[in-house]
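Asks: Hey, dropping coords.cif in here, mmCIF, C-alpha atoms:
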```
data_coords
loop_
_atom_site.group_PDB
_atom_site.id
_atom_site.type_symbol
_atom_site.label_atom_id
_atom_site.label_comp_id
_atom_site.auth_asym_id
_atom_site.auth_seq_id
_atom_site.Cartn_x
_atom_site.Cartn_y
_atom_site.Cartn_z
ATOM 1 C CA MET A 1069 90.736 76.352 93.103
ATOM 2 C CA ASN A 1070 89.832 80.042 92.794
ATOM 3 C CA GLU A 1071 89.673 81.944 89.507
ATOM 4 C CA CYS A 1072 92.959 83.784 90.104
ATOM 5 C CA GLU A 1073 94.813 80.534 90.819
ATOM 6 C CA SER A 1074 93.307 78.825 87.793
ATOM 7 C CA SER A 1075 94.275 81.700 85.482
ATOM 8 C CA LYS A 1076 97.797 81.800 86.878
ATOM 9 C CA GLN A 1077 98.404 78.113 86.253
ATOM 10 C CA SER A 1078 96.806 77.959 82.825
ATOM 11 C CA THR A 1079 98.714 81.029 81.658
ATOM 12 C CA LEU A 1080 102.075 79.630 82.684
ATOM 13 C CA SER A 1081 101.174 76.347 81.033
ATOM 14 C CA ASP A 1082 100.665 78.195 77.745
ATOM 15 C CA VAL A 1083 104.174 79.657 77.640
ATOM 16 C CA PRO A 1084 105.930 76.629 76.038
ATOM 17 C CA ALA A 1085 103.801 77.042 72.927
ATOM 18 C CA PHE A 1086 105.901 80.127 72.147
ATOM 19 C CA LEU A 1087 109.313 78.794 71.255
ATOM 20 C CA PRO A 1088 112.794 80.351 70.987
ATOM 21 C CA LYS A 1089 111.982 83.489 68.982
ATOM 22 C CA ALA A 1090 109.608 84.692 71.689
ATOM 23 C CA ARG A 1091 111.962 83.787 74.492
ATOM 24 C CA LYS A 1092 114.868 85.616 72.841
ATOM 25 C CA LYS A 1093 112.878 88.843 73.017
ATOM 26 C CA LEU A 1094 111.084 88.343 76.288
ATOM 27 C CA TRP A 1095 113.472 86.586 78.674
ATOM 28 C CA PRO A 1096 115.643 89.691 79.186
ATOM 29 C CA ILE A 1097 112.533 91.872 79.548
ATOM 30 C CA LEU A 1098 111.032 89.475 82.058
ATOM 31 C CA LEU A 1099 114.286 89.437 84.024
ATOM 32 C CA GLY A 1100 114.813 93.186 83.786
ATOM 33 C CA ALA A 1101 118.256 92.596 82.292
ATOM 34 C CA GLN A 1102 118.343 94.561 79.053
ATOM 35 C CA PRO A 1103 121.904 95.853 78.461
ATOM 36 C CA SER A 1104 122.570 99.587 78.377
ATOM 37 C CA PRO A 1105 124.236 101.179 75.304
ATOM 38 C CA ALA A 1106 127.423 101.610 77.364
ATOM 39 C CA ASP A 1107 127.469 97.933 78.309
ATOM 40 C CA GLN A 1108 126.864 96.958 74.686
ATOM 41 C CA GLN A 1109 129.765 99.103 73.555
ATOM 42 C CA VAL A 1110 132.140 97.610 76.111
ATOM 43 C CA TYR A 1111 131.106 94.102 75.129
ATOM 44 C CA GLN A 1112 131.509 94.711 71.416
ATOM 45 C CA GLN A 1113 134.821 96.578 71.641
ATOM 46 C CA GLN A 1114 136.566 94.622 74.387
ATOM 47 C CA VAL A 1115 134.927 91.281 75.065
ATOM 48 C CA MET A 1116 134.247 90.168 71.516
ATOM 49 C CA SER A 1117 137.750 91.209 70.498
ATOM 50 C CA ASN A 1118 139.151 89.090 73.359
ATOM 51 C CA ALA A 1119 140.680 92.190 74.968
ATOM 52 C CA TYR A 1120 138.698 91.909 78.220
ATOM 53 C CA PRO A 1121 140.614 90.955 81.416
ATOM 54 C CA GLN A 1122 140.373 87.384 82.598
ATOM 55 C CA CYS A 1123 138.428 86.674 85.787
ATOM 56 C CA ARG A 1124 140.136 84.755 88.580
ATOM 57 C CA ASP A 1125 138.393 81.466 87.748
ATOM 58 C CA PHE A 1126 139.089 81.618 84.018
ATOM 59 C CA THR A 1127 141.095 78.377 83.862
ATOM 60 C CA GLN A 1128 138.342 76.290 85.492
ATOM 61 C CA ILE A 1129 135.649 77.950 83.389
ATOM 62 C CA GLU A 1130 137.592 77.121 80.225
ATOM 63 C CA LYS A 1131 137.819 73.459 81.245
ATOM 64 C CA ASP A 1132 134.087 73.243 81.950
ATOM 65 C CA VAL A 1133 133.106 75.071 78.759
ATOM 66 C CA ASN A 1134 135.233 72.689 76.704
ATOM 67 C CA ARG A 1135 133.115 69.826 78.070
ATOM 68 C CA SER A 1136 129.776 71.554 77.448
ATOM 69 C CA LEU A 1137 127.077 71.865 74.776
ATOM 70 C CA TRP A 1138 127.455 68.284 73.546
ATOM 71 C CA HIS A 1139 123.771 67.625 72.916
ATOM 72 C CA PHE A 1140 122.281 71.057 72.250
ATOM 73 C CA VAL A 1141 124.696 72.123 69.494
ATOM 74 C CA GLY A 1142 125.936 70.210 66.424
ATOM 75 C CA ASP A 1143 129.591 69.429 65.857
ATOM 76 C CA VAL A 1144 130.041 72.169 63.259
ATOM 77 C CA HIS A 1145 128.780 75.010 65.460
ATOM 78 C CA ARG A 1146 129.940 73.765 68.864
ATOM 79 C CA PRO A 1147 133.454 75.347 68.834
ATOM 80 C CA LYS A 1148 132.015 78.785 68.041
ATOM 81 C CA LYS A 1149 129.337 78.482 70.724
ATOM 82 C CA ARG A 1150 131.925 77.405 73.275
ATOM 83 C CA ARG A 1151 134.050 80.479 72.512
ATOM 84 C CA GLN A 1152 130.975 82.652 73.004
ATOM 85 C CA LEU A 1153 130.094 80.901 76.257
ATOM 86 C CA LEU A 1154 133.621 81.346 77.593
ATOM 87 C CA ARG A 1155 133.586 85.050 76.730
ATOM 88 C CA LEU A 1156 130.225 85.771 78.315
ATOM 89 C CA LEU A 1157 131.040 83.874 81.512
ATOM 90 C CA ASN A 1158 134.389 85.618 81.850
ATOM 91 C CA TYR A 1159 132.697 88.988 81.309
ATOM 92 C CA ALA A 1160 129.899 88.286 83.812
ATOM 93 C CA LEU A 1161 132.201 87.025 86.549
ATOM 94 C CA HIS A 1162 134.805 89.758 86.057
ATOM 95 C CA THR A 1163 132.077 92.413 86.031
ATOM 96 C CA THR A 1164 130.417 91.190 89.222
ATOM 97 C CA GLY A 1165 133.500 89.925 91.068
ATOM 98 C CA CYS A 1166 131.574 86.744 91.906
ATOM 99 C CA ASN A 1167 133.065 83.304 92.310
ATOM 100 C CA TYR A 1168 132.419 80.703 89.643
ATOM 101 C CA TYR A 1169 130.845 77.366 90.518
ATOM 102 C CA GLN A 1170 130.744 74.266 88.340
ATOM 103 C CA GLY A 1171 127.295 74.214 86.785
ATOM 104 C CA LEU A 1172 126.965 77.940 86.185
ATOM 105 C CA HIS A 1173 128.102 77.293 82.627
ATOM 106 C CA ASP A 1174 125.040 75.036 82.141
ATOM 107 C CA ILE A 1175 122.651 77.906 82.926
ATOM 108 C CA ALA A 1176 124.649 80.410 80.872
ATOM 109 C CA GLY A 1177 124.762 77.936 77.972
ATOM 110 C CA VAL A 1178 120.970 77.793 77.785
ATOM 111 C CA LEU A 1179 120.754 81.597 77.894
ATOM 112 C CA LEU A 1180 123.330 81.756 75.093
ATOM 113 C CA LEU A 1181 121.448 79.338 72.845
ATOM 114 C CA VAL A 1182 118.139 81.156 73.320
ATOM 115 C CA CYS A 1183 119.145 84.824 73.522
ATOM 116 C CA GLY A 1184 122.539 85.140 71.839
ATOM 117 C CA GLU A 1185 125.904 86.005 73.341
ATOM 118 C CA GLN A 1186 125.579 89.641 74.317
ATOM 119 C CA THR A 1187 122.082 89.414 75.768
ATOM 120 C CA ALA A 1188 122.997 86.204 77.607
ATOM 121 C CA ALA A 1189 126.016 87.973 79.110
ATOM 122 C CA GLY A 1190 123.803 90.712 80.547
ATOM 123 C CA MET A 1191 121.304 88.179 81.856
ATOM 124 C CA THR A 1192 124.092 86.189 83.511
ATOM 125 C CA VAL A 1193 125.334 89.351 85.243
ATOM 126 C CA HIS A 1194 121.810 89.943 86.523
ATOM 127 C CA LEU A 1195 121.422 86.362 87.762
ATOM 128 C CA LEU A 1196 124.760 86.491 89.584
ATOM 129 C CA ARG A 1197 123.595 89.594 91.425
ATOM 130 C CA ASN A 1198 120.115 88.254 92.133
ATOM 131 C CA HIS A 1199 118.825 84.686 91.750
ATOM 132 C CA LEU A 1200 122.239 83.020 92.087
ATOM 133 C CA LYS A 1201 123.989 85.440 94.415
ATOM 134 C CA HIS A 1202 123.963 83.052 97.397
ATOM 135 C CA TYR A 1203 125.693 80.358 95.310
ATOM 136 C CA VAL A 1204 128.639 82.437 94.070
ATOM 137 C CA THR A 1205 130.264 83.119 97.432
ATOM 138 C CA ASP A 1206 133.379 81.534 98.942
ATOM 139 C CA SER A 1207 131.481 78.531 100.335
ATOM 140 C CA LEU A 1208 128.617 76.155 99.649
ATOM 141 C CA SER A 1209 126.633 77.441 102.625
ATOM 142 C CA GLY A 1210 124.093 79.193 100.391
ATOM 143 C CA VAL A 1211 123.142 76.147 98.363
ATOM 144 C CA LEU A 1212 123.212 73.850 101.426
ATOM 145 C CA HIS A 1213 120.878 76.282 103.152
ATOM 146 C CA THR A 1214 118.592 76.103 100.116
ATOM 147 C CA LEU A 1215 118.610 72.298 99.987
ATOM 148 C CA ALA A 1216 117.546 72.192 103.645
ATOM 149 C CA LEU A 1217 114.150 73.547 102.556
ATOM 150 C CA VAL A 1218 113.267 70.686 100.201
ATOM 151 C CA LEU A 1219 112.061 68.095 102.698
ATOM 152 C CA PRO A 1220 109.954 70.512 104.801
ATOM 153 C CA ILE A 1221 108.199 71.533 101.581
ATOM 154 C CA VAL A 1222 107.634 67.884 100.588
ATOM 155 C CA ALA A 1223 106.399 67.113 104.112
ATOM 156 C CA GLN A 1224 103.622 69.667 103.803
ATOM 157 C CA GLN A 1225 101.993 67.444 101.165
ATOM 158 C CA ASP A 1226 103.422 63.981 101.808
ATOM 159 C CA PRO A 1227 104.920 63.383 105.291
ATOM 160 C CA PRO A 1228 105.650 59.648 104.679
ATOM 161 C CA LEU A 1229 107.663 60.467 101.557
ATOM 162 C CA ALA A 1230 109.619 63.168 103.368
ATOM 163 C CA ARG A 1231 110.394 60.783 106.252
ATOM 164 C CA HIS A 1232 111.530 58.081 103.834
ATOM 165 C CA ILE A 1233 113.946 60.449 102.080
ATOM 166 C CA GLN A 1234 115.080 61.791 105.465
ATOM 167 C CA GLU A 1235 115.978 58.275 106.609
ATOM 168 C CA GLY A 1236 118.141 57.813 103.527
ATOM 169 C CA SER A 1237 119.950 61.143 103.799
ATOM 170 C CA LEU A 1238 123.091 62.043 105.696
ATOM 171 C CA ASP A 1239 121.998 65.248 107.396
ATOM 172 C CA GLY A 1240 118.460 65.998 106.251
ATOM 173 C CA ARG A 1241 119.631 67.883 103.180
ATOM 174 C CA CYS A 1242 118.930 66.551 99.703
ATOM 175 C CA HIS A 1243 122.504 66.416 98.420
ATOM 176 C CA PHE A 1244 121.376 64.445 95.375
ATOM 177 C CA ALA A 1245 119.605 67.630 94.231
ATOM 178 C CA LEU A 1246 122.718 69.802 94.397
ATOM 179 C CA ALA A 1247 123.182 69.824 90.618
ATOM 180 C CA TRP A 1248 119.436 70.224 90.059
ATOM 181 C CA VAL A 1249 119.410 73.549 91.886
ATOM 182 C CA LEU A 1250 122.839 74.825 90.814
ATOM 183 C CA THR A 1251 122.198 74.217 87.105
ATOM 184 C CA TRP A 1252 118.438 74.834 87.004
ATOM 185 C CA PHE A 1253 118.119 71.212 85.827
ATOM 186 C CA ALA A 1254 120.185 71.959 82.695
ATOM 187 C CA HIS A 1255 122.746 69.300 83.673
ATOM 188 C CA GLN A 1256 120.065 66.639 84.119
ATOM 189 C CA ILE A 1257 117.941 67.551 81.078
ATOM 190 C CA ASP A 1258 120.922 67.936 78.768
ATOM 191 C CA SER A 1259 119.527 66.473 75.557
ATOM 192 C CA ASN A 1260 116.025 67.930 75.315
ATOM 193 C CA LEU A 1261 116.031 71.703 75.029
ATOM 194 C CA ARG A 1262 112.288 71.783 74.351
ATOM 195 C CA GLN A 1263 111.673 70.170 77.745
ATOM 196 C CA LEU A 1264 114.189 72.408 79.543
ATOM 197 C CA LEU A 1265 113.040 75.811 78.266
ATOM 198 C CA PRO A 1266 109.649 75.824 80.056
ATOM 199 C CA ILE A 1267 111.517 75.196 83.317
ATOM 200 C CA PHE A 1268 113.672 78.262 82.657
ATOM 201 C CA ASP A 1269 110.491 80.221 81.888
ATOM 202 C CA LEU A 1270 109.263 79.447 85.378
ATOM 203 C CA PHE A 1271 112.541 80.182 87.157
ATOM 204 C CA LEU A 1272 113.112 83.478 85.350
ATOM 205 C CA ALA A 1273 109.551 84.614 86.145
ATOM 206 C CA SER A 1274 109.628 83.586 89.789
ATOM 207 C CA ASP A 1275 111.255 83.944 93.154
ATOM 208 C CA SER A 1276 114.860 82.778 93.458
ATOM 209 C CA PHE A 1277 113.656 79.852 95.605
ATOM 210 C CA MET A 1278 111.538 78.371 92.800
ATOM 211 C CA PRO A 1279 114.137 75.690 91.827
ATOM 212 C CA VAL A 1280 113.654 74.279 95.344
ATOM 213 C CA TYR A 1281 109.910 74.009 94.814
ATOM 214 C CA PHE A 1282 110.382 72.403 91.422
ATOM 215 C CA THR A 1283 112.762 69.919 93.087
ATOM 216 C CA ALA A 1284 110.067 69.096 95.633
ATOM 217 C CA ALA A 1285 107.550 68.640 92.813
ATOM 218 C CA VAL A 1286 109.909 66.193 91.063
ATOM 219 C CA LEU A 1287 110.280 64.151 94.265
ATOM 220 C CA LEU A 1288 106.519 64.031 94.758
ATOM 221 C CA HIS A 1289 106.098 62.975 91.118
ATOM 222 C CA ARG A 1290 108.516 60.072 91.712
ATOM 223 C CA ARG A 1291 106.856 59.102 94.980
ATOM 224 C CA LEU A 1292 106.188 55.436 94.230
ATOM 225 C CA ALA A 1293 109.692 54.709 92.968
ATOM 226 C CA ILE A 1294 111.234 56.430 95.986
ATOM 227 C CA LEU A 1295 109.044 54.600 98.516
ATOM 228 C CA ASP A 1296 109.858 51.286 96.829
ATOM 229 C CA CYS A 1297 113.565 51.960 97.332
ATOM 230 C CA PRO A 1298 115.234 50.948 100.636
ATOM 231 C CA PRO A 1299 115.934 54.067 102.710
ATOM 232 C CA ASP A 1300 119.683 53.702 102.895
ATOM 233 C CA PHE A 1301 121.906 56.461 101.593
ATOM 234 C CA ALA A 1302 123.723 54.605 98.800
ATOM 235 C CA THR A 1303 120.631 52.989 97.256
ATOM 236 C CA LEU A 1304 118.380 56.010 97.510
ATOM 237 C CA HIS A 1305 121.080 58.383 96.304
ATOM 238 C CA THR A 1306 121.678 56.185 93.255
ATOM 239 C CA LEU A 1307 117.971 56.157 92.405
ATOM 240 C CA LEU A 1308 117.559 59.906 92.738
ATOM 241 C CA THR A 1309 120.684 60.861 90.829
ATOM 242 C CA HIS A 1310 119.483 58.819 87.832
ATOM 243 C CA PHE A 1311 117.179 61.464 86.443
ATOM 244 C CA PRO A 1312 114.149 60.441 84.331
ATOM 245 C CA HIS A 1313 114.550 60.926 80.578
ATOM 246 C CA THR A 1314 111.175 62.622 80.316
ATOM 247 C CA LEU A 1315 109.120 64.589 82.802
ATOM 248 C CA PRO A 1316 105.602 66.082 82.687
ATOM 249 C CA VAL A 1317 107.080 69.572 82.873
ATOM 250 C CA SER A 1318 103.801 71.461 82.605
ATOM 251 C CA ASP A 1319 102.281 69.489 85.484
ATOM 252 C CA LEU A 1320 105.448 69.878 87.557
ATOM 253 C CA ARG A 1321 105.481 73.634 87.076
ATOM 254 C CA THR A 1322 101.863 73.863 88.176
ATOM 255 C CA HIS A 1323 102.671 71.694 91.192
ATOM 256 C CA ALA A 1324 105.720 73.813 92.070
ATOM 257 C CA LEU A 1325 103.555 76.942 92.036
ATOM 258 C CA ALA A 1326 101.003 75.247 94.294
ATOM 259 C CA LEU A 1327 103.743 74.152 96.712
ATOM 260 C CA PHE A 1328 105.074 77.710 96.846
ATOM 261 C CA ASP A 1329 101.563 78.921 97.569
ATOM 262 C CA LYS A 1330 101.076 76.332 100.325
ATOM 263 C CA CYS A 1331 104.490 76.731 101.964
ATOM 264 C CA PRO A 1332 106.233 79.985 100.953
ATOM 265 C CA PRO A 1333 109.974 80.405 101.661
ATOM 266 C CA ILE A 1334 109.561 82.172 104.989
ATOM 267 C CA GLN A 1335 107.460 79.248 106.260
ATOM 268 C CA ALA A 1336 109.805 76.640 104.745
ATOM 269 C CA CYS A 1337 112.778 78.288 106.480
ATOM 270 C CA ARG A 1338 110.910 78.255 109.777
ATOM 271 C CA LEU A 1339 110.135 74.553 109.382
ATOM 272 C CA ALA A 1340 113.744 73.774 108.406
ATOM 273 C CA LYS A 1341 114.997 75.899 111.325
ATOM 274 C CA VAL A 1342 117.241 77.987 109.104
ATOM 275 C CA PRO A 1343 117.216 81.762 108.613
ATOM 276 C CA LEU A 1344 115.623 83.251 105.537
ATOM 277 C CA LEU A 1345 118.315 84.430 103.162
ATOM 278 C CA GLY A 1346 118.146 88.174 102.599
ATOM 279 C CA PRO A 1347 115.595 89.571 100.146
ATOM 280 C CA LEU A 1348 116.759 90.167 96.602
ATOM 281 C CA PRO A 1349 116.502 93.414 94.635
ATOM 282 C CA VAL A 1350 113.302 93.641 92.622
ATOM 283 C CA ALA A 1351 113.757 93.927 88.855
ATOM 284 C CA PRO A 1352 111.356 96.056 86.774
ATOM 285 C CA PHE A 1353 109.159 93.123 85.698
ATOM 286 C CA HIS A 1354 109.990 90.743 88.531
ATOM 287 C CA PHE A 1355 108.131 89.840 91.716
ATOM 288 C CA HIS A 1356 110.193 88.287 94.536
ATOM 289 C CA LEU A 1357 107.406 86.482 96.266
ATOM 290 C CA HIS A 1358 109.031 85.695 99.610
ATOM 291 C CA THR A 1359 108.925 89.431 100.416
ATOM 292 C CA LEU A 1360 105.133 89.515 100.039
ATOM 293 C CA ARG A 1361 102.656 88.938 102.842
ATOM 294 C CA PRO A 1362 99.997 87.628 103.281
ATOM 295 C CA LEU A 1363 99.519 84.423 101.272
ATOM 296 C CA ARG A 1364 96.939 85.859 98.902
ATOM 297 C CA ASP A 1365 99.584 88.378 97.729
ATOM 298 C CA CYS A 1366 101.732 85.452 96.580
ATOM 299 C CA ARG A 1367 98.887 84.123 94.472
ATOM 300 C CA VAL A 1368 98.183 87.530 92.966
ATOM 301 C CA SER A 1369 101.873 88.148 92.293
ATOM 302 C CA PHE A 1370 102.264 84.856 90.435
ATOM 303 C CA TYR A 1371 99.136 85.718 88.508
ATOM 304 C CA LEU A 1372 100.553 89.120 87.542
ATOM 305 C CA VAL A 1373 103.890 87.631 86.454
ATOM 306 C CA SER A 1374 102.276 85.004 84.261
ATOM 307 C CA MET A 1375 99.763 87.456 82.826
ATOM 308 C CA LEU A 1376 102.543 89.943 82.082
ATOM 309 C CA PHE A 1377 104.560 87.290 80.268
ATOM 310 C CA SER A 1378 101.614 86.209 78.143
ATOM 311 C CA THR A 1379 100.638 89.837 77.427
ATOM 312 C CA LEU A 1380 104.155 90.642 76.244
ATOM 313 C CA LEU A 1381 104.134 87.530 74.081
ATOM 314 C CA ALA A 1382 100.808 88.485 72.516
ATOM 315 C CA LEU A 1383 101.947 92.052 71.844
ATOM 316 C CA ALA A 1384 105.209 90.901 70.316
ATOM 317 C CA LEU A 1385 103.458 88.431 68.055
ATOM 318 C CA ALA A 1386 100.770 90.938 67.076
ATOM 319 C CA THR A 1387 103.295 93.600 66.097
ATOM 320 C CA GLY A 1388 105.552 91.137 64.295
ATOM 321 C CA ARG A 1389 108.546 91.849 66.546
ATOM 322 C CA LEU A 1390 109.410 88.198 66.874
ATOM 323 C CA HIS A 1391 110.156 87.806 63.175
#
```
Could you render the structure from this file as structure tokens?

Replies:
Amino acid sequence: MNECESSKQSTLSDVPAFLPKARKKLWPILLGAQPSPADQQVYQQQVMSNAYPQCRDFTQIEKDVNRSLWHFVGDVHRPKKRRQLLRLLNYALHTTGCNYYQGLHDIAGVLLLVCGEQTAAGMTVHLLRNHLKHYVTDSLSGVLHTLALVLPIVAQQDPPLARHIQEGSLDGRCHFALAWVLTWFAHQIDSNLRQLLPIFDLFLASDSFMPVYFTAAVLLHRRLAILDCPPDFATLHTLLTHFPHTLPVSDLRTHALALFDKCPPIQACRLAKVPLLGPLPVAPFHFHLHTLRPLRDCRVSFYLVSMLFSTLLALALATGRLH
């Protein structure tokens, strides 16, 4: 492992040590999603006063929100947080004109708990226009396209495991991982916010395909259990949809980065025989790695992202801006 790669991985592994106060300040900076004064005024005057128009999926969003935040928020505060979550989702979807999908509220709920309502609303708008834009269309084609990349990525490191999962799948796509990707694992890790936040750190600081690489890392981590399971759809699907209660998140993030380095999205798409989804706009502090060639640029870009995040954390702590 070269020095750049080692620094990249160790830096990202350090991020969980800085807990919610740091993330509240730095997640929107990292994403390039800091609200403008005009947006803040609209949100305060219209959205928070419940005078903002309802988006077309409001009824379904309301139903999902009313079933959310069971484990992350206590009974006393849950009704208030649900009202905030409903407002921010309605604002984000009405502002962007995007379609809602079930599971988006899981991602937005984590942003709400870490960053607060108004900042989370702006971040959700940004995600709908960038990381999640292929999932908020009129069909599931975007997420099915994404899931088609999982097994080619796994096969680059463990061909027998990929073949075993392939034999137990319906069409070569990992449908069991649908909720993993659509919710950034927030639906599976729904009772341990400390374990979930480092995963969000990685996804916010990375290419929009990173949830696919983390999915591949999870499958490789569970290799023995998967290979011990008969490769028929029902049995294997049951095993994989029962998500482990605890995961070595730091190791999985490092592994996901290594998998991205070994098989970047353009190569994974070629192996899966699907087209590469269009490049995403680049935010001020964001590097979309599938637009970078050659491979060494991917390593350097990850290094820069992780170093930037740690530098911002150190500056914020040194100046007392997290208190």

Asks: Check what the PyMOL selection byres ((chain A and resi 1318-1325) around 7) selects in the file above and give those residues as a list of chain:residue names.

Replies: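 Going through the file, the PyMOL selection byres ((chain A and resi 1318-1325) around 7) ends up selecting A:Gln1077, A:Ser1081, A:Tyr1281, A:Phe1282, A:Ala1285, A:Val1286, A:Pro1316, A:Val1317, A:Ala1326, A:Leu1327, A:Phe1328, A:Asp1329.
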
Asks: Filtering to C-alpha atoms, could you give me those residues as a PDB file, in the frame of the given file?

Replies:
```
ATOM      1  CA  GLN A1077      98.404  78.113  86.253  1.00  0.00           C
ATOM      2  CA  SER A1081     101.174  76.347  81.033  1.00  0.00           C
ATOM      3  CA  TYR A1281     109.910  74.009  94.814  1.00  0.00           C
ATOM      4  CA  PHE A1282     110.382  72.403  91.422  1.00  0.00           C
ATOM      5  CA  ALA A1285     107.550  68.640  92.813  1.00  0.00           C
ATOM      6  CA  VAL A1286     109.909  66.193  91.063  1.00  0.00           C
ATOM      7  CA  PRO A1316     105.602  66.082  82.687  1.00  0.00           C
ATOM      8  CA  VAL A1317     107.080  69.572  82.873  1.00  0.00           C
ATOM      9  CA  ALA A1326     101.003  75.247  94.294  1.00  0.00           C
ATOM     10  CA  LEU A1327     103.743  74.152  96.712  1.00  0.00           C
ATOM     11  CA  PHE A1328     105.074  77.710  96.846  1.00  0.00           C
ATOM     12  CA  ASP A1329     101.563  78.921  97.569  1.00  0.00           C
TER      13      ASP A1329
END
```

Asks: Atom CA of A:Thr1251 to atom CA of A:Ala1293: how many Å, to one decimal?

Replies: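 Distance between the two atoms: 23.9 Å.
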
Asks: Tell me, in Å to one decimal, how far atom CA of A:Gln1109 is from atom CA of A:Thr1187.

Replies: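 That distance, rounded to one decimal, is 12.6 Å.
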
Asks: In the coordinate frame of the file, compute which residues have an atom within 12 Å of (132.9, 69.0, 78.7) when using all atoms listed in the file, and state them as a PyMOL selection string.

Replies: chain A and resi 1128-1139+1146-1147+1150+1170-1171+1173-1174+1255

Asks: Using all atoms listed in the file for the distances, tell me which of A:Gly1190, A:Pro1298, A:Pro1279, A:Gly1165 is nearest to A:Ala1106.

Replies: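 Closest to A:Ala1106, using all atoms listed in the file: A:Gly1190.
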
Asks: Got a sec to resolve the PyMOL selection byres ((chain A and resi 1157) around 8) on this structure and send the residues as a PyMOL selection string?

Replies: chain A and resi 1129+1153-1156+1158-1161+1173+1176+1189+1192

Asks: Between atom CA of A:His1305 and atom CA of A:Lys1330, measure the distance and give it in Å to one decimal.

Replies: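 Calculated distance between atom CA of A:His1305 and atom CA of A:Lys1330 is 27.2 Å.
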
Asks: The centre and edge lengths of an axis-aligned box containing all atoms of stretch 1206-1218 of chain A present in the file, extended by 6 Å on each side, are to be given in Å to one decimal, as lines of an AutoDock Vina configuration file.

Replies:
```
center_x = 123.3
center_y = 76.1
center_z = 101.0
size_x = 32.1
size_y = 22.8
size_z = 17.3
```

Asks: Using only C-alpha atoms, pick whichever of A:Thr1205, A:Asn1167, A:Asn1198, A:Gln1152 has the shortest atom-to-atom distance to A:Leu1180.

Replies: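 Among the listed residues, A:Gln1152 lies closest to A:Leu1180.
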
Asks: Spell out the residues picked by the PyMOL selection byres ((chain A and resi 1181) around 10) here, as JSON, numbers by chain.

Replies: {"A": [1088, 1092, 1137, 1140, 1141, 1149, 1153, 1176, 1177, 1178, 1179, 1180, 1182, 1183, 1184, 1185, 1188, 1261]}

Asks: From the list A:Leu1288, A:Val1249, A:Ile1267, A:Leu1195, which residue is nearest A:Ala1230 when using all atoms listed in the file?

Replies: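 Answer, going by the shortest atom-to-atom distance: A:Leu1288.
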
Asks: Please determine, counting all atoms listed in the file, which residue among A:Ile1097, A:Leu1315, A:Leu1339, A:Cys1166 has the shortest atom-to-atom distance to A:Val1193.

Replies: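 That would be A:Cys1166, the residue with the smallest distance to A:Val1193.
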
Asks: Rank nothing, just name the residue among A:Leu1196, A:Leu1344, A:Met1116, A:Leu1295 nearest to A:Asp1226, using only C-alpha atoms.

Replies: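 Between A:Leu1196, A:Leu1344, A:Met1116, A:Leu1295, the residue approaching A:Asp1226 most closely is A:Leu1295.
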
Asks: I'd like the contact shell of A:Leu1208 - 12 Å cut-off, all atoms listed in the file, skipping same-chain residues fewer than 6 positions apart - returned as a list in words.

Replies: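 Counting all atoms listed in the file, the residues come to Asn1167, Tyr1168, Tyr1169, Gln1170, Lys1201, His1202, Thr1214, Leu1215, His1243, Leu1246 and Leu1250 of chain A.
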
Asks: Output: stretch 1315-1322 of chain A of the preceding structure, restricted to N, CA, C and O atoms, written as an mmCIF file, in the first residue's frame.

Replies:
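Resulting contents of result_18.cif:
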```
data_model
loop_
_atom_site.group_PDB
_atom_site.id
_atom_site.type_symbol
_atom_site.label_atom_id
_atom_site.label_comp_id
_atom_site.auth_asym_id
_atom_site.auth_seq_id
_atom_site.Cartn_x
_atom_site.Cartn_y
_atom_site.Cartn_z
ATOM 1 N N LEU A 1315 -21.633 -4.210 12.702
ATOM 2 C CA LEU A 1315 -20.718 -4.361 11.585
ATOM 3 C C LEU A 1315 -19.411 -3.631 11.912
ATOM 4 O O LEU A 1315 -19.430 -2.601 12.587
ATOM 5 N N PRO A 1316 -18.279 -4.127 11.407
ATOM 6 C CA PRO A 1316 -17.017 -3.400 11.569
ATOM 7 C C PRO A 1316 -16.956 -2.248 10.562
ATOM 8 O O PRO A 1316 -16.296 -2.333 9.525
ATOM 9 N N VAL A 1317 -17.654 -1.162 10.872
ATOM 10 C CA VAL A 1317 -17.883 -0.105 9.897
ATOM 11 C C VAL A 1317 -16.575 0.490 9.390
ATOM 12 O O VAL A 1317 -16.419 0.755 8.191
ATOM 13 N N SER A 1318 -15.625 0.718 10.272
ATOM 14 C CA SER A 1318 -14.362 1.306 9.842
ATOM 15 C C SER A 1318 -13.666 0.422 8.811
ATOM 16 O O SER A 1318 -13.179 0.905 7.778
ATOM 17 N N ASP A 1319 -13.628 -0.882 9.077
ATOM 18 C CA ASP A 1319 -13.001 -1.811 8.133
ATOM 19 C C ASP A 1319 -13.776 -1.854 6.819
ATOM 20 O O ASP A 1319 -13.177 -1.925 5.730
ATOM 21 N N LEU A 1320 -15.095 -1.811 6.897
ATOM 22 C CA LEU A 1320 -15.915 -1.866 5.687
ATOM 23 C C LEU A 1320 -15.738 -0.615 4.836
ATOM 24 O O LEU A 1320 -15.722 -0.682 3.605
ATOM 25 N N ARG A 1321 -15.592 0.521 5.480
ATOM 26 C CA ARG A 1321 -15.358 1.749 4.709
ATOM 27 C C ARG A 1321 -14.009 1.686 3.995
ATOM 28 O O ARG A 1321 -13.908 2.041 2.812
ATOM 29 N N THR A 1322 -12.995 1.221 4.692
ATOM 30 C CA THR A 1322 -11.688 1.069 4.067
ATOM 31 C C THR A 1322 -11.759 0.098 2.892
ATOM 32 O O THR A 1322 -11.178 0.334 1.829
#
```
